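Quick look at model-v4.tsv (TSV, C-alpha atoms):
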chain	number	residue	atom	x	y	z
A	1	MET	CA	4.01	29.78	16.07
A	2	ASN	CA	2.40	29.11	12.69
A	3	SER	CA	4.23	25.98	11.58
A	4	ILE	CA	2.75	22.81	10.10
A	5	VAL	CA	4.61	19.72	11.30
A	6	ILE	CA	4.21	16.56	9.21
A	7	ILE	CA	5.31	13.26	10.74
A	8	GLY	CA	6.07	10.59	8.14
A	9	GLY	CA	8.14	9.89	5.05
A	10	GLY	CA	5.81	8.05	2.68
A	11	HIS	CA	3.63	8.99	-0.29
A	12	ALA	CA	1.06	10.88	1.79
A	13	ALA	CA	3.74	13.06	3.39
A	14	ALA	CA	5.39	13.74	0.04
A	15	GLN	CA	2.09	14.72	-1.61
A	16	LEU	CA	1.21	16.91	1.38
A	17	CYS	CA	4.52	18.76	1.05
A	18	ALA	CA	3.95	19.26	-2.68
A	19	GLY	CA	0.42	20.55	-2.16
A	20	LEU	CA	1.38	22.95	0.61
A	21	ALA	CA	4.32	24.25	-1.42
A	22	GLU	CA	2.03	24.84	-4.40
A	23	ALA	CA	-0.32	26.76	-2.09
A	24	GLY	CA	2.58	28.99	-1.02
A	25	GLN	CA	2.75	27.45	2.46
A	26	GLY	CA	6.11	25.67	2.15
A	27	SER	CA	7.92	27.95	4.57
A	28	ARG	CA	5.54	26.83	7.34
A	29	VAL	CA	6.30	23.13	6.87
A	30	HIS	CA	8.58	20.88	8.94
A	31	LEU	CA	8.80	17.31	7.66
A	32	VAL	CA	9.90	14.74	10.23
A	33	CYS	CA	11.15	11.44	8.75
A	34	GLU	CA	12.39	8.43	10.70
A	35	GLU	CA	14.38	7.36	7.64
A	36	ALA	CA	17.54	9.32	6.84
A	37	CYS	CA	16.42	10.23	3.30
A	38	GLU	CA	13.77	12.26	1.53
A	39	PRO	CA	10.45	10.49	0.79
A	40	TYR	CA	10.74	8.05	-2.13
A	41	HIS	CA	8.51	5.90	-4.34
A	42	ARG	CA	7.84	2.56	-2.67
A	43	PRO	CA	6.16	0.37	-5.33
A	44	PRO	CA	9.47	-0.30	-7.17
A	45	LEU	CA	10.98	-1.83	-4.03
A	46	SER	CA	9.27	-5.18	-4.68
A	47	LYS	CA	10.10	-5.23	-8.38
A	48	ALA	CA	12.83	-3.32	-10.28
A	49	PHE	CA	14.80	-2.50	-7.13
A	50	LEU	CA	15.22	-6.18	-6.23
A	51	LYS	CA	16.28	-7.17	-9.73
A	52	SER	CA	19.44	-5.10	-10.01
A	53	ALA	CA	22.10	-3.88	-7.59
A	54	GLU	CA	22.34	-0.79	-9.80
A	55	GLU	CA	18.82	0.32	-8.91
A	56	THR	CA	18.47	3.09	-6.32
A	57	THR	CA	15.46	4.53	-4.55
A	58	GLN	CA	13.51	7.14	-6.50
A	59	PRO	CA	12.83	10.27	-4.43
A	60	HIS	CA	9.55	12.10	-4.96
A	61	LYS	CA	11.47	15.38	-4.89
A	62	ALA	CA	15.17	16.18	-4.71
A	63	ALA	CA	16.65	17.75	-1.60
A	64	ASP	CA	17.03	21.02	-3.52
A	65	TRP	CA	13.28	21.12	-4.16
A	66	TYR	CA	12.49	21.04	-0.44
A	67	ARG	CA	15.04	23.78	0.20
A	68	GLU	CA	13.65	25.97	-2.58
A	69	ALA	CA	10.09	25.38	-1.32
A	70	GLY	CA	11.15	26.53	2.15
A	71	ILE	CA	10.37	23.16	3.73
A	72	THR	CA	12.54	22.20	6.71
A	73	LEU	CA	13.58	18.54	6.74
A	74	HIS	CA	14.31	16.54	9.89
A	75	LEU	CA	15.73	13.31	8.44
A	76	GLY	CA	16.72	10.26	10.45
A	77	ASP	CA	15.16	11.83	13.53
A	78	ALA	CA	11.92	10.12	14.45
A	79	ALA	CA	9.13	11.78	16.40
A	80	VAL	CA	8.83	10.17	19.83
A	81	ALA	CA	6.15	12.21	21.61
A	82	ILE	CA	3.31	14.63	20.94
A	83	ASP	CA	2.24	17.21	23.54
A	84	ARG	CA	-1.22	18.40	22.52
A	85	ASP	CA	-1.46	21.00	25.26
A	86	ALA	CA	1.92	22.60	24.52
A	87	HIS	CA	1.53	22.06	20.75
A	88	THR	CA	4.95	20.45	20.43
A	89	VAL	CA	6.53	17.34	18.96
A	90	THR	CA	9.67	15.89	20.55
A	91	LEU	CA	12.15	14.15	18.27
A	92	ARG	CA	14.53	11.30	19.08
A	93	SER	CA	17.44	13.76	19.08
A	94	GLY	CA	15.74	15.77	21.83
A	95	ALA	CA	14.73	18.59	19.52
A	96	VAL	CA	11.31	20.06	20.22
A	97	LEU	CA	9.21	21.40	17.34
A	98	PRO	CA	6.28	23.75	18.01
A	99	TRP	CA	3.25	23.45	15.75
A	100	GLU	CA	0.05	25.23	14.95
A	101	ARG	CA	-1.19	22.31	12.85
A	102	LEU	CA	0.09	18.73	13.06
A	103	VAL	CA	-0.34	16.01	10.44
A	104	LEU	CA	0.28	12.33	11.16
A	105	ALA	CA	1.34	10.40	8.04
A	106	THR	CA	2.92	7.52	9.93
A	107	GLY	CA	1.92	4.72	7.53
A	108	THR	CA	2.16	1.06	8.49
A	109	ARG	CA	4.69	-1.52	9.60
A	110	ALA	CA	4.97	-5.09	8.39
A	111	ARG	CA	3.04	-7.61	10.45
A	112	GLN	CA	5.32	-10.07	12.24
A	113	ILE	CA	4.90	-13.61	13.57
A	114	PRO	CA	5.14	-13.70	17.38
A	115	GLU	CA	6.83	-17.13	17.29
A	116	LEU	CA	9.70	-15.76	15.22
A	117	LYS	CA	12.17	-13.65	17.14
A	118	PRO	CA	13.26	-10.51	15.26
A	119	GLY	CA	16.64	-10.24	13.56
A	120	LEU	CA	16.87	-13.69	11.97
A	121	GLU	CA	19.44	-13.48	9.19
A	122	ASN	CA	17.30	-15.14	6.50
A	123	VAL	CA	13.84	-13.76	7.39
A	124	ALA	CA	12.80	-10.56	5.65
A	125	SER	CA	9.96	-8.05	5.48
A	126	LEU	CA	9.48	-5.36	2.87
A	127	ARG	CA	8.07	-1.94	3.69
A	128	ALA	CA	11.02	0.46	3.48
A	129	ALA	CA	14.30	1.00	1.62
A	130	ASP	CA	16.57	-0.51	4.27
A	131	GLU	CA	14.50	-3.71	4.22
A	132	ALA	CA	14.64	-3.74	0.41
A	133	HIS	CA	18.44	-3.41	0.49
A	134	ARG	CA	18.72	-6.35	2.89
A	135	LEU	CA	16.29	-8.46	0.88
A	136	ARG	CA	18.17	-7.73	-2.36
A	137	THR	CA	21.43	-8.85	-0.78
A	138	ARG	CA	19.86	-12.04	0.55
A	139	LEU	CA	18.19	-12.79	-2.79
A	140	ALA	CA	21.55	-12.73	-4.56
A	141	SER	CA	22.75	-15.80	-2.68
A	142	ALA	CA	19.45	-17.63	-2.10
A	143	GLU	CA	18.42	-20.58	-4.22
A	144	LYS	CA	14.89	-20.90	-2.88
A	145	VAL	CA	12.56	-18.15	-1.69
A	146	THR	CA	9.61	-18.97	0.55
A	147	VAL	CA	6.93	-16.29	0.69
A	148	LEU	CA	4.56	-16.46	3.63
A	149	GLY	CA	1.37	-14.71	2.52
A	150	GLY	CA	-0.42	-14.44	-0.82
A	151	GLY	CA	-1.13	-10.71	-0.78
A	152	PHE	CA	0.09	-8.05	-3.18
A	153	ILE	CA	3.57	-7.56	-1.72
A	154	GLY	CA	4.19	-11.29	-1.37
A	155	LEU	CA	3.10	-12.06	-4.93
A	156	GLU	CA	5.08	-9.16	-6.40
A	157	VAL	CA	8.24	-10.37	-4.69
A	158	ALA	CA	7.48	-13.98	-5.68
A	159	ALA	CA	7.23	-12.96	-9.34
A	160	THR	CA	10.43	-10.92	-9.08
A	161	ALA	CA	12.32	-13.78	-7.43
A	162	LYS	CA	11.10	-16.20	-10.11
A	163	ALA	CA	12.33	-13.80	-12.81
A	164	LEU	CA	15.73	-13.90	-11.10
A	165	GLY	CA	15.80	-17.67	-11.54
A	166	LYS	CA	14.96	-18.63	-7.97
A	167	SER	CA	12.84	-21.53	-6.85
A	168	VAL	CA	9.78	-19.88	-5.28
A	169	GLN	CA	7.03	-21.12	-3.01
A	170	VAL	CA	4.09	-19.04	-1.76
A	171	ILE	CA	2.31	-20.25	1.38
A	172	GLU	CA	-1.16	-18.77	1.96
A	173	SER	CA	-3.45	-19.65	4.86
A	174	ALA	CA	-6.63	-18.51	3.09
A	175	PRO	CA	-8.41	-20.64	0.48
A	176	ARG	CA	-7.46	-18.22	-2.31
A	177	LEU	CA	-4.93	-15.54	-3.18
A	178	LEU	CA	-5.68	-11.87	-2.53
A	179	GLY	CA	-8.85	-12.98	-0.81
A	180	ARG	CA	-9.60	-9.68	0.93
A	181	ALA	CA	-8.92	-7.48	-2.09
A	182	VAL	CA	-10.11	-9.06	-5.35
A	183	SER	CA	-12.88	-11.22	-6.74
A	184	PRO	CA	-12.72	-15.04	-6.82
A	185	GLU	CA	-12.49	-14.85	-10.64
A	186	LEU	CA	-9.40	-12.65	-10.50
A	187	SER	CA	-7.91	-14.77	-7.71
A	188	ALA	CA	-8.22	-17.84	-9.89
A	189	HIS	CA	-6.53	-16.11	-12.83
A	190	VAL	CA	-3.65	-14.87	-10.66
A	191	LEU	CA	-3.19	-18.36	-9.20
A	192	ALA	CA	-3.15	-20.03	-12.61
A	193	THR	CA	-0.72	-17.45	-14.05
A	194	HIS	CA	1.78	-17.78	-11.22
A	195	ARG	CA	1.61	-21.57	-11.27
A	196	ALA	CA	2.15	-21.54	-15.03
A	197	ALA	CA	5.27	-19.45	-14.43
A	198	GLY	CA	6.62	-22.18	-12.16
A	199	ILE	CA	5.78	-20.75	-8.74
A	200	ASP	CA	4.64	-23.35	-6.20
A	201	ILE	CA	1.58	-22.04	-4.35
A	202	VAL	CA	0.05	-23.74	-1.32
A	203	LEU	CA	-3.44	-22.55	-0.32
A	204	GLY	CA	-5.27	-23.20	2.94
A	205	ALA	CA	-1.91	-23.80	4.59
A	206	GLN	CA	-1.30	-24.23	8.29
A	207	THR	CA	2.20	-23.21	9.39
A	208	GLY	CA	4.10	-23.60	12.61
A	209	ALA	CA	7.04	-25.24	14.37
A	210	PHE	CA	9.57	-22.67	13.22
A	211	GLU	CA	13.03	-24.14	13.84
A	212	VAL	CA	15.81	-21.63	14.50
A	213	GLU	CA	19.54	-22.34	14.55
A	214	GLY	CA	22.22	-20.16	16.16
A	215	GLU	CA	22.19	-17.10	18.38
A	216	GLY	CA	22.54	-13.35	17.94
A	217	GLU	CA	23.18	-11.85	14.51
A	218	GLY	CA	23.95	-15.23	12.96
A	219	ALA	CA	20.68	-16.87	13.97
A	220	ARG	CA	18.77	-18.39	11.03
A	221	LEU	CA	15.40	-19.94	10.40
A	222	VAL	CA	16.16	-23.54	9.41
A	223	SER	CA	12.71	-24.94	8.71
A	224	VAL	CA	8.96	-24.44	9.03
A	225	GLN	CA	6.13	-26.94	9.13
A	226	VAL	CA	3.53	-26.52	6.39
A	227	ASN	CA	0.42	-28.66	6.86
A	228	GLY	CA	2.40	-30.83	9.24
A	229	VAL	CA	5.32	-31.38	6.87
A	230	LYS	CA	8.74	-29.99	7.79
A	231	GLN	CA	10.19	-27.84	5.01
A	232	PRO	CA	13.71	-26.38	4.88
A	233	VAL	CA	14.02	-22.59	4.58
A	234	ASP	CA	16.67	-20.79	2.58
A	235	LEU	CA	15.12	-17.31	2.57
A	236	LEU	CA	11.69	-16.45	4.00
A	237	LEU	CA	9.72	-13.29	3.20
A	238	LEU	CA	6.93	-12.32	5.57
A	239	GLY	CA	4.10	-10.98	3.44
A	240	ILE	CA	1.28	-11.36	5.94
A	241	GLY	CA	-0.06	-7.83	5.90
A	242	ALA	CA	0.58	-4.55	7.65
A	243	VAL	CA	-0.29	-2.88	10.94
A	244	PRO	CA	-1.07	0.86	11.11
A	245	GLU	CA	1.48	2.94	12.99
A	246	THR	CA	-0.72	4.46	15.70
A	247	ALA	CA	1.55	4.43	18.76
A	248	LEU	CA	2.26	8.18	18.69
A	249	ALA	CA	-1.40	9.01	18.25
A	250	GLN	CA	-2.55	6.64	20.98
A	251	ALA	CA	0.03	7.97	23.44
A	252	ALA	CA	-1.31	11.48	22.74
A	253	GLY	CA	-4.88	10.40	23.46
A	254	ILE	CA	-6.03	10.58	19.84
A	255	GLU	CA	-8.84	8.19	18.90
A	256	CYS	CA	-7.64	5.06	17.09
A	257	ALA	CA	-9.44	1.92	15.88
A	258	ASP	CA	-7.29	-0.17	13.54
A	259	GLY	CA	-5.95	3.14	12.33
A	260	ILE	CA	-6.09	6.78	13.36
A	261	VAL	CA	-9.75	7.79	13.15
A	262	VAL	CA	-10.37	10.86	10.97
A	263	ASP	CA	-13.42	12.65	9.61
A	264	ALA	CA	-14.13	13.44	5.96
A	265	GLN	CA	-11.71	16.39	6.10
A	266	MET	CA	-8.86	14.30	7.58
A	267	GLN	CA	-9.28	15.85	11.04
A	268	THR	CA	-8.56	13.55	14.02
A	269	SER	CA	-10.31	13.65	17.40
A	270	ALA	CA	-7.68	16.18	18.54
A	271	ALA	CA	-8.03	19.84	17.59
A	272	ASN	CA	-5.61	20.98	14.86
A	273	VAL	CA	-4.27	17.45	14.35
A	274	LEU	CA	-4.88	15.73	11.02
A	275	ALA	CA	-3.88	12.29	9.72
A	276	VAL	CA	-3.48	10.96	6.18
A	277	GLY	CA	-2.53	7.80	4.32
A	278	ASP	CA	-2.30	4.13	5.24
A	279	CYS	CA	-2.50	4.85	8.96
A	280	THR	CA	-6.02	6.33	8.82
A	281	ARG	CA	-9.53	4.96	9.21
A	282	PHE	CA	-11.80	7.33	7.33
A	283	PRO	CA	-15.46	7.57	6.28
A	284	ASP	CA	-15.91	6.52	2.65
A	285	ARG	CA	-19.08	7.95	1.14
A	286	ARG	CA	-19.17	5.47	-1.72
A	287	ALA	CA	-18.72	2.42	0.51
A	288	GLY	CA	-21.04	3.82	3.16
A	289	ARG	CA	-18.71	2.86	5.99
A	290	ALA	CA	-15.35	3.62	7.58
A	291	LEU	CA	-12.33	2.09	5.87
A	292	ARG	CA	-8.59	1.81	6.14
A	293	LEU	CA	-6.95	1.51	2.72
A	294	GLU	CA	-3.33	0.79	1.94
A	295	SER	CA	-2.59	2.28	-1.45
A	296	VAL	CA	-0.47	4.98	-3.04
A	297	GLN	CA	-3.48	6.62	-4.63
A	298	ASN	CA	-5.46	6.77	-1.41
A	299	ALA	CA	-2.46	8.37	0.30
A	300	ASN	CA	-2.22	10.97	-2.46
A	301	ASP	CA	-5.97	11.67	-2.48
A	302	GLN	CA	-6.12	12.07	1.29
A	303	ALA	CA	-3.12	14.39	1.22
A	304	ARG	CA	-4.95	16.64	-1.26
A	305	THR	CA	-7.96	16.71	1.06
A	306	ALA	CA	-5.68	17.61	3.98
A	307	VAL	CA	-4.09	20.46	1.99
A	308	ALA	CA	-7.57	21.88	1.44
A	309	THR	CA	-8.28	21.65	5.18
A	310	LEU	CA	-4.95	23.24	6.12
A	311	THR	CA	-5.33	26.13	3.67
A	312	GLY	CA	-8.86	27.13	4.68
A	313	ALA	CA	-10.64	25.56	1.70
A	314	ALA	CA	-11.92	22.46	3.50
A	315	ARG	CA	-13.93	19.94	1.50
A	316	ASP	CA	-15.06	16.42	2.23
A	317	HIS	CA	-12.89	13.59	0.94
A	318	ASP	CA	-14.63	11.87	-1.96
A	319	ALA	CA	-12.46	9.80	-4.28
A	320	VAL	CA	-12.86	6.55	-6.19
A	321	ALA	CA	-10.39	4.09	-4.72
A	322	TRP	CA	-8.02	2.51	-7.22
A	323	PHE	CA	-5.04	0.23	-6.96
A	324	TRP	CA	-2.47	-1.54	-9.09
A	325	SER	CA	-0.02	-4.40	-8.78
A	326	ASP	CA	2.61	-5.59	-11.25
A	327	GLN	CA	3.25	-9.32	-10.90
A	328	GLY	CA	5.43	-10.79	-13.60
A	329	SER	CA	3.42	-10.81	-16.84
A	330	MET	CA	0.35	-9.35	-15.14
A	331	ARG	CA	-0.55	-5.73	-14.54
A	332	LEU	CA	-3.54	-5.79	-12.20
A	333	GLN	CA	-5.56	-2.57	-11.92
A	334	MET	CA	-8.63	-2.22	-9.74
A	335	ALA	CA	-11.08	0.68	-9.58
A	336	GLY	CA	-13.65	0.86	-6.79
A	337	LEU	CA	-13.93	-1.56	-3.89
A	338	MET	CA	-14.74	-5.22	-4.38
A	339	PRO	CA	-17.78	-6.24	-2.30
A	340	ALA	CA	-17.46	-9.22	0.01
A	341	GLU	CA	-18.34	-12.64	-1.35
A	342	GLY	CA	-22.00	-13.40	-0.82
A	343	THR	CA	-23.10	-9.76	-0.96
A	344	PRO	CA	-26.80	-9.77	-1.95
A	345	GLY	CA	-27.31	-8.66	-5.54
A	346	LEU	CA	-23.66	-9.11	-6.53
A	347	THR	CA	-23.21	-9.98	-10.22
A	348	SER	CA	-20.27	-9.78	-12.61
A	349	ALA	CA	-19.55	-9.41	-16.32
A	350	ARG	CA	-16.38	-10.08	-18.27
A	351	ARG	CA	-15.02	-7.87	-21.04
A	352	ALA	CA	-12.32	-9.31	-23.28
A	353	GLY	CA	-9.14	-7.31	-23.77
A	354	PRO	CA	-6.98	-6.69	-26.82
A	355	LYS	CA	-4.95	-9.85	-26.18
A	356	PRO	CA	-5.89	-13.31	-24.82
A	357	GLU	CA	-4.22	-12.56	-21.45
A	358	ALA	CA	-6.07	-9.24	-21.10
A	359	PHE	CA	-9.60	-8.74	-19.73
A	360	SER	CA	-11.71	-6.75	-17.29
A	361	LEU	CA	-14.29	-7.86	-14.73
A	362	PHE	CA	-17.20	-5.50	-14.03
A	363	HIS	CA	-18.91	-6.04	-10.69
A	364	TYR	CA	-22.41	-4.82	-9.85
A	365	VAL	CA	-24.58	-4.71	-6.75
A	366	ASP	CA	-28.25	-4.46	-7.72
A	367	ALA	CA	-27.28	-3.15	-11.19
A	368	GLN	CA	-25.02	-0.45	-9.69
A	369	LEU	CA	-21.43	-0.66	-10.96
A	370	VAL	CA	-19.18	-0.74	-7.89
A	371	CYS	CA	-15.83	-2.18	-8.96
A	372	VAL	CA	-13.86	-3.00	-12.10
A	373	GLU	CA	-10.80	-5.28	-12.14
A	374	SER	CA	-8.54	-5.16	-15.18
A	375	VAL	CA	-5.67	-7.43	-16.23
A	376	ASN	CA	-3.28	-6.02	-18.84
A	377	ALA	CA	-6.05	-3.66	-19.98
A	378	PRO	CA	-4.96	-0.13	-18.96
A	379	VAL	CA	-7.36	1.69	-21.30
A	380	ASP	CA	-10.33	-0.19	-19.88
A	381	HIS	CA	-9.08	0.62	-16.39
A	382	MET	CA	-8.90	4.35	-17.11
A	383	MET	CA	-12.39	4.36	-18.65
A	384	SER	CA	-13.74	2.32	-15.73
A	385	ARG	CA	-12.44	4.86	-13.25
A	386	LYS	CA	-14.22	7.59	-15.20
A	387	LEU	CA	-17.44	5.59	-15.20
A	388	LEU	CA	-17.27	5.13	-11.44
A	389	GLU	CA	-16.40	8.77	-10.84
A	390	ALA	CA	-19.37	9.84	-12.95
A	391	GLY	CA	-21.69	7.36	-11.25
A	392	ARG	CA	-22.50	5.59	-14.53
A	393	SER	CA	-23.61	1.96	-14.58
A	394	PRO	CA	-23.82	0.59	-18.11
A	395	ASP	CA	-25.44	-2.83	-18.01
A	396	ALA	CA	-23.52	-6.09	-18.19
A	397	ALA	CA	-24.38	-6.77	-21.83
A	398	ALA	CA	-23.11	-3.33	-22.84
A	399	VAL	CA	-19.74	-3.61	-21.09
A	400	SER	CA	-19.24	-7.16	-22.35
A	401	ASP	CA	-19.59	-6.01	-25.97
A	402	VAL	CA	-16.05	-5.11	-27.05
A	403	SER	CA	-17.38	-3.49	-30.23
A	404	ILE	CA	-18.71	-0.66	-28.05
A	405	PRO	CA	-15.89	1.53	-26.59
A	406	LEU	CA	-16.32	2.10	-22.88
A	407	LYS	CA	-16.01	5.84	-23.43
A	408	ASN	CA	-19.35	5.72	-25.26
A	409	HIS	CA	-21.03	5.01	-21.93
A	410	LEU	CA	-19.82	8.35	-20.57
A	411	SER	CA	-21.70	10.46	-23.10
Show me the file's structure as structure tokens.
Amino acid sequence: MNSIVIIGGGHAAAQLCAGLAEAGQGSRVHLVCEEACEPYHRPPLSKAFLKSAEETTQPHKAADWYREAGITLHLGDAAVAIDRDAHTVTLRSGAVLPWERLVLATGTRARQIPELKPGLENVASLRAADEAHRLRTRLASAEKVTVLGGGFIGLEVAATAKALGKSVQVIESAPRLLGRAVSPELSAHVLATHRAAGIDIVLGAQTGAFEVEGEGEGARLVSVQVNGVKQPVDLLLLGIGAVPETALAQAAGIECADGIVVDAQMQTSAANVLAVGDCTRFPDRRAGRALRLESVQNANDQARTAVATLTGAARDHDAVAWFWSDQGSMRLQMAGLMPAEGTPGLTSARRAGPKPEAFSLFHYVDAQLVCVESVNAPVDHMMSRKLLEAGRSPDAAAVSDVSIPLKNHLS
């Protein structure tokens, strides 16, 4: 028994398969996916995929690649139980897979509203391909799209729906958009850009009194109260965040705390069991605390760390976090982690971009560069990542001076 069983079908699982295959370990790998298809790229689901019925999912690797790498696929057959003592995983089909090493890459699920019963015909979430297919079908006939939540997924879908000619409203309970992820300055720019594009955005909103009509498969959400005013609903997207998929781990007695707890080498509290990706809470050296990050790049970086652990070349995870989000005319790119508002010593500097709608915001804590947010400035973003990786902190006056290339601060 020398197999490596990976549970999950997202970016972390795909990168893990690629890394193990490159290390010559593909023949040991069993990939268990709840979905009935090979892992695919998820960012397009909220953008290009929704715009055209011709668009299909984009697999990370073709089925032939897995076969040639020696990786055994178990598609459409979810893992339902882990036996740590017997070193086995039981699948929904009843199949039992033995493992020497187990990796949990279970990702997240869309957060739901308890007051809304599941299965309403005109209420959608967006995490996986089947949800994207349903949302695309509903979008085709909808005139108005209501997005509950002003996070990345909600705003990406809002921009896409507006581009399709829909009337769009975004309802956010917080006082600003993307409040947990970006600076107030960037929030304000995103708000102004979306409003200029014709998207109605309500901040600080209180919602409730969801009115449902019908029963069974035909049941629909008819209206919702926003700040005490009843509003009709044509199509509602829930974009209120995600919940880590920890049920398997918890049932197996593996430590969880808003995510599966791992150490710097992606090892869980259970011997020979690792976890990677959006489902993990991991120690971040740069932040000085444990984090759970939902991003493609974090999933890929953690998978590389896990490959090192699994192949006997263990090293501590140490990567600069970076993210991106395409929203209509805006490409947002963030490097590093934005400190909380009110952090002592927090200051910011603005660097103009090549066009009026392009710029970067450099954020410092006690003169230490900790985060850079870029809008339509991909070159600045790439240089900013290199600055953060190298631990360089050019002062605010230097980064604000567009006559000085950022690459000069690396020498």
All residues 12 Å or closer to Arg331 in chain A, all atoms listed in the file, same chain fewer than 5 positions away omitted, as a JSON list (two decimals) with C-alpha atoms, in the coordinates of the input:
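What follows is the written file result-v9.json:
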[["chain", "number", "residue", "atom", "x", "y", "z"],
["A", 152, "PHE", "CA", 0.09, -8.05, -3.18],
["A", 156, "GLU", "CA", 5.08, -9.16, -6.40],
["A", 159, "ALA", "CA", 7.23, -12.96, -9.34],
["A", 186, "LEU", "CA", -9.40, -12.65, -10.50],
["A", 190, "VAL", "CA", -3.65, -14.87, -10.66],
["A", 193, "THR", "CA", -0.72, -17.45, -14.05],
["A", 323, "PHE", "CA", -5.04, 0.23, -6.96],
["A", 324, "TRP", "CA", -2.47, -1.54, -9.09],
["A", 325, "SER", "CA", -0.02, -4.40, -8.78],
["A", 326, "ASP", "CA", 2.61, -5.59, -11.25],
["A", 357, "GLU", "CA", -4.22, -12.56, -21.45],
["A", 358, "ALA", "CA", -6.07, -9.24, -21.10],
["A", 359, "PHE", "CA", -9.60, -8.74, -19.73],
["A", 360, "SER", "CA", -11.71, -6.75, -17.29],
["A", 373, "GLU", "CA", -10.80, -5.28, -12.14],
["A", 374, "SER", "CA", -8.54, -5.16, -15.18],
["A", 375, "VAL", "CA", -5.67, -7.43, -16.23],
["A", 376, "ASN", "CA", -3.28, -6.02, -18.84],
["A", 377, "ALA", "CA", -6.05, -3.66, -19.98],
["A", 378, "PRO", "CA", -4.96, -0.13, -18.96],
["A", 381, "HIS", "CA", -9.08, 0.62, -16.39]]
Excluding Leu387 in chain A and residues on its chain fewer than 3 positions from it, collect all residues at most 10 Å away from it, counting all atoms listed in the file, and give them as a list in words.
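Listed by chain and then number, they are Ala335, Leu369, Val370, Val372, His381, Met382, Met383, Ser384, Ala390, Gly391, Arg392, Ser393, Pro394, Leu406, Lys407, His409 and Leu410 of chain A.
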For CA of Leu203 in chain A and CA of Lys166 in chain A, the interatomic separation in Å (one decimal)
20.3 Å
Cut-off 12 Å: closest range 195-273 of chain A/range 296-303 of chain A atom pairs per residue, using only C-alpha atoms, as JSON lines:
{"residue": "A:Val262", "atom": "CA", "partner": "A:Gln302", "partner_atom": "CA", "distance": 10.6}
{"residue": "A:Asp263", "atom": "CA", "partner": "A:Gln302", "partner_atom": "CA", "distance": 11.1}
{"residue": "A:Ala264", "atom": "CA", "partner": "A:Gln302", "partner_atom": "CA", "distance": 9.4}
{"residue": "A:Gln265", "atom": "CA", "partner": "A:Gln302", "partner_atom": "CA", "distance": 8.5}
{"residue": "A:Met266", "atom": "CA", "partner": "A:Gln302", "partner_atom": "CA", "distance": 7.2}
{"residue": "A:Gln267", "atom": "CA", "partner": "A:Gln302", "partner_atom": "CA", "distance": 10.9}
In Å, with one decimal, what is the gap from CA of Gly76 in chain A to CA of Cys33 in chain A?
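CA of Cys33 in chain A lies 5.9 Å from CA of Gly76 in chain A.
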Rank A:Leu126, A:Ala95, A:Cys279, A:Leu237 by their smallest atom-to-atom distance to Ala158 in chain A, using only C-alpha atoms, and report the top residue only.
A:Leu237
Closest atom pairs, range 192-295 of chain A residues within 12 Å of range 43-64 of chain A, only C-alpha atoms, as a tab-separated table:
residue	atom	partner	partner_atom	distance
A:Leu237	CA	A:Ser46	CA	11.3
A:Gly239	CA	A:Ser46	CA	11.2
A:Glu294	CA	A:Pro43	CA	12.0
A:Ser295	CA	A:Pro43	CA	9.8
I'd like the interatomic distance between CA of Leu178 in chain A and CA of Ile201 in chain A, to a tenth of an Å.
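Result for CA of Leu178 in chain A versus CA of Ile201 in chain A: 12.6 Å, one decimal.
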Could you please give me, as a PDB file with C-alpha atoms, in the frame of the given file, the residues of protein, DNA or RNA lying at most 6 Å from (1.2, -26.0, 3.6) in the coordinate frame of the file, considering only C-alpha atoms?
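This went into part.pdb:
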ATOM      1  CA  VAL A 202       0.050 -23.740  -1.320  1.00  0.00           C
ATOM      2  CA  ALA A 205      -1.910 -23.800   4.590  1.00  0.00           C
ATOM      3  CA  GLN A 206      -1.300 -24.230   8.290  1.00  0.00           C
ATOM      4  CA  VAL A 226       3.530 -26.520   6.390  1.00  0.00           C
ATOM      5  CA  ASN A 227       0.420 -28.660   6.860  1.00  0.00           C
TER       6      ASN A 227
END
For Arg292 in chain A, which of A:Gly353, A:Gly328, A:Gly253, A:Gly277 is the closest residue, counting all atoms listed in the file?
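Checking each of A:Gly353, A:Gly328, A:Gly253, A:Gly277 against Arg292 in chain A, counting all atoms listed in the file, the winner is A:Gly277.
Between Ala247 in chain A and the candidates A:Thr347, A:Ser93, A:Ser400, A:Thr106, the tightest atom-to-atom separation, counting all atoms listed in the file, involves A:Thr106.
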Determine, counting all atoms listed in the file, which protein, DNA and RNA residues have an atom within 10 Å of an atom of range 65-71 of chain A; residues of the same chain fewer than 6 positions away are not included. Present the result as an MDAnalysis selection string.
chainID A and resid 4 17:18 20:22 24:31 38
Residues near Gly107 in chain A, anyone? I mean within 8 Å using only C-alpha atoms, not counting same-chain ones fewer than 2 positions away, as an MDAnalysis selection string.
chainID A and resid 8 10 105 109 244:245 277:279
Determine the nearest neighbour of Leu238 in chain A from the options A:Arg304, A:Arg289, A:Lys144, A:Arg111, counting all atoms listed in the file.
A:Arg111
Choose the residue, out of A:Val320, A:Leu221, A:Ile113, A:Val80, that has the smallest atom-to-atom separation from Gly149 in chain A; count all atoms listed in the file.
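Once distances to Gly149 in chain A are computed over all atoms listed in the file, the minimum belongs to A:Ile113.
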Between A:Glu172, A:Glu341, A:Asp77, A:Asp258, which one has atoms that come closest to Glu34 in chain A, using all atoms listed in the file?
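Ranking A:Glu172, A:Glu341, A:Asp77, A:Asp258 by distance to Glu34 in chain A, first place goes to A:Asp77.
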Identify, on the basis of only C-alpha atoms, every residue whose closest approach to Ser269 in chain A does not exceed 8 Å; exclude the query and any residue fewer than 6 positions from it along the same chain; express the result as a PyMOL selection string.
chain A and resi 254-255+261-262
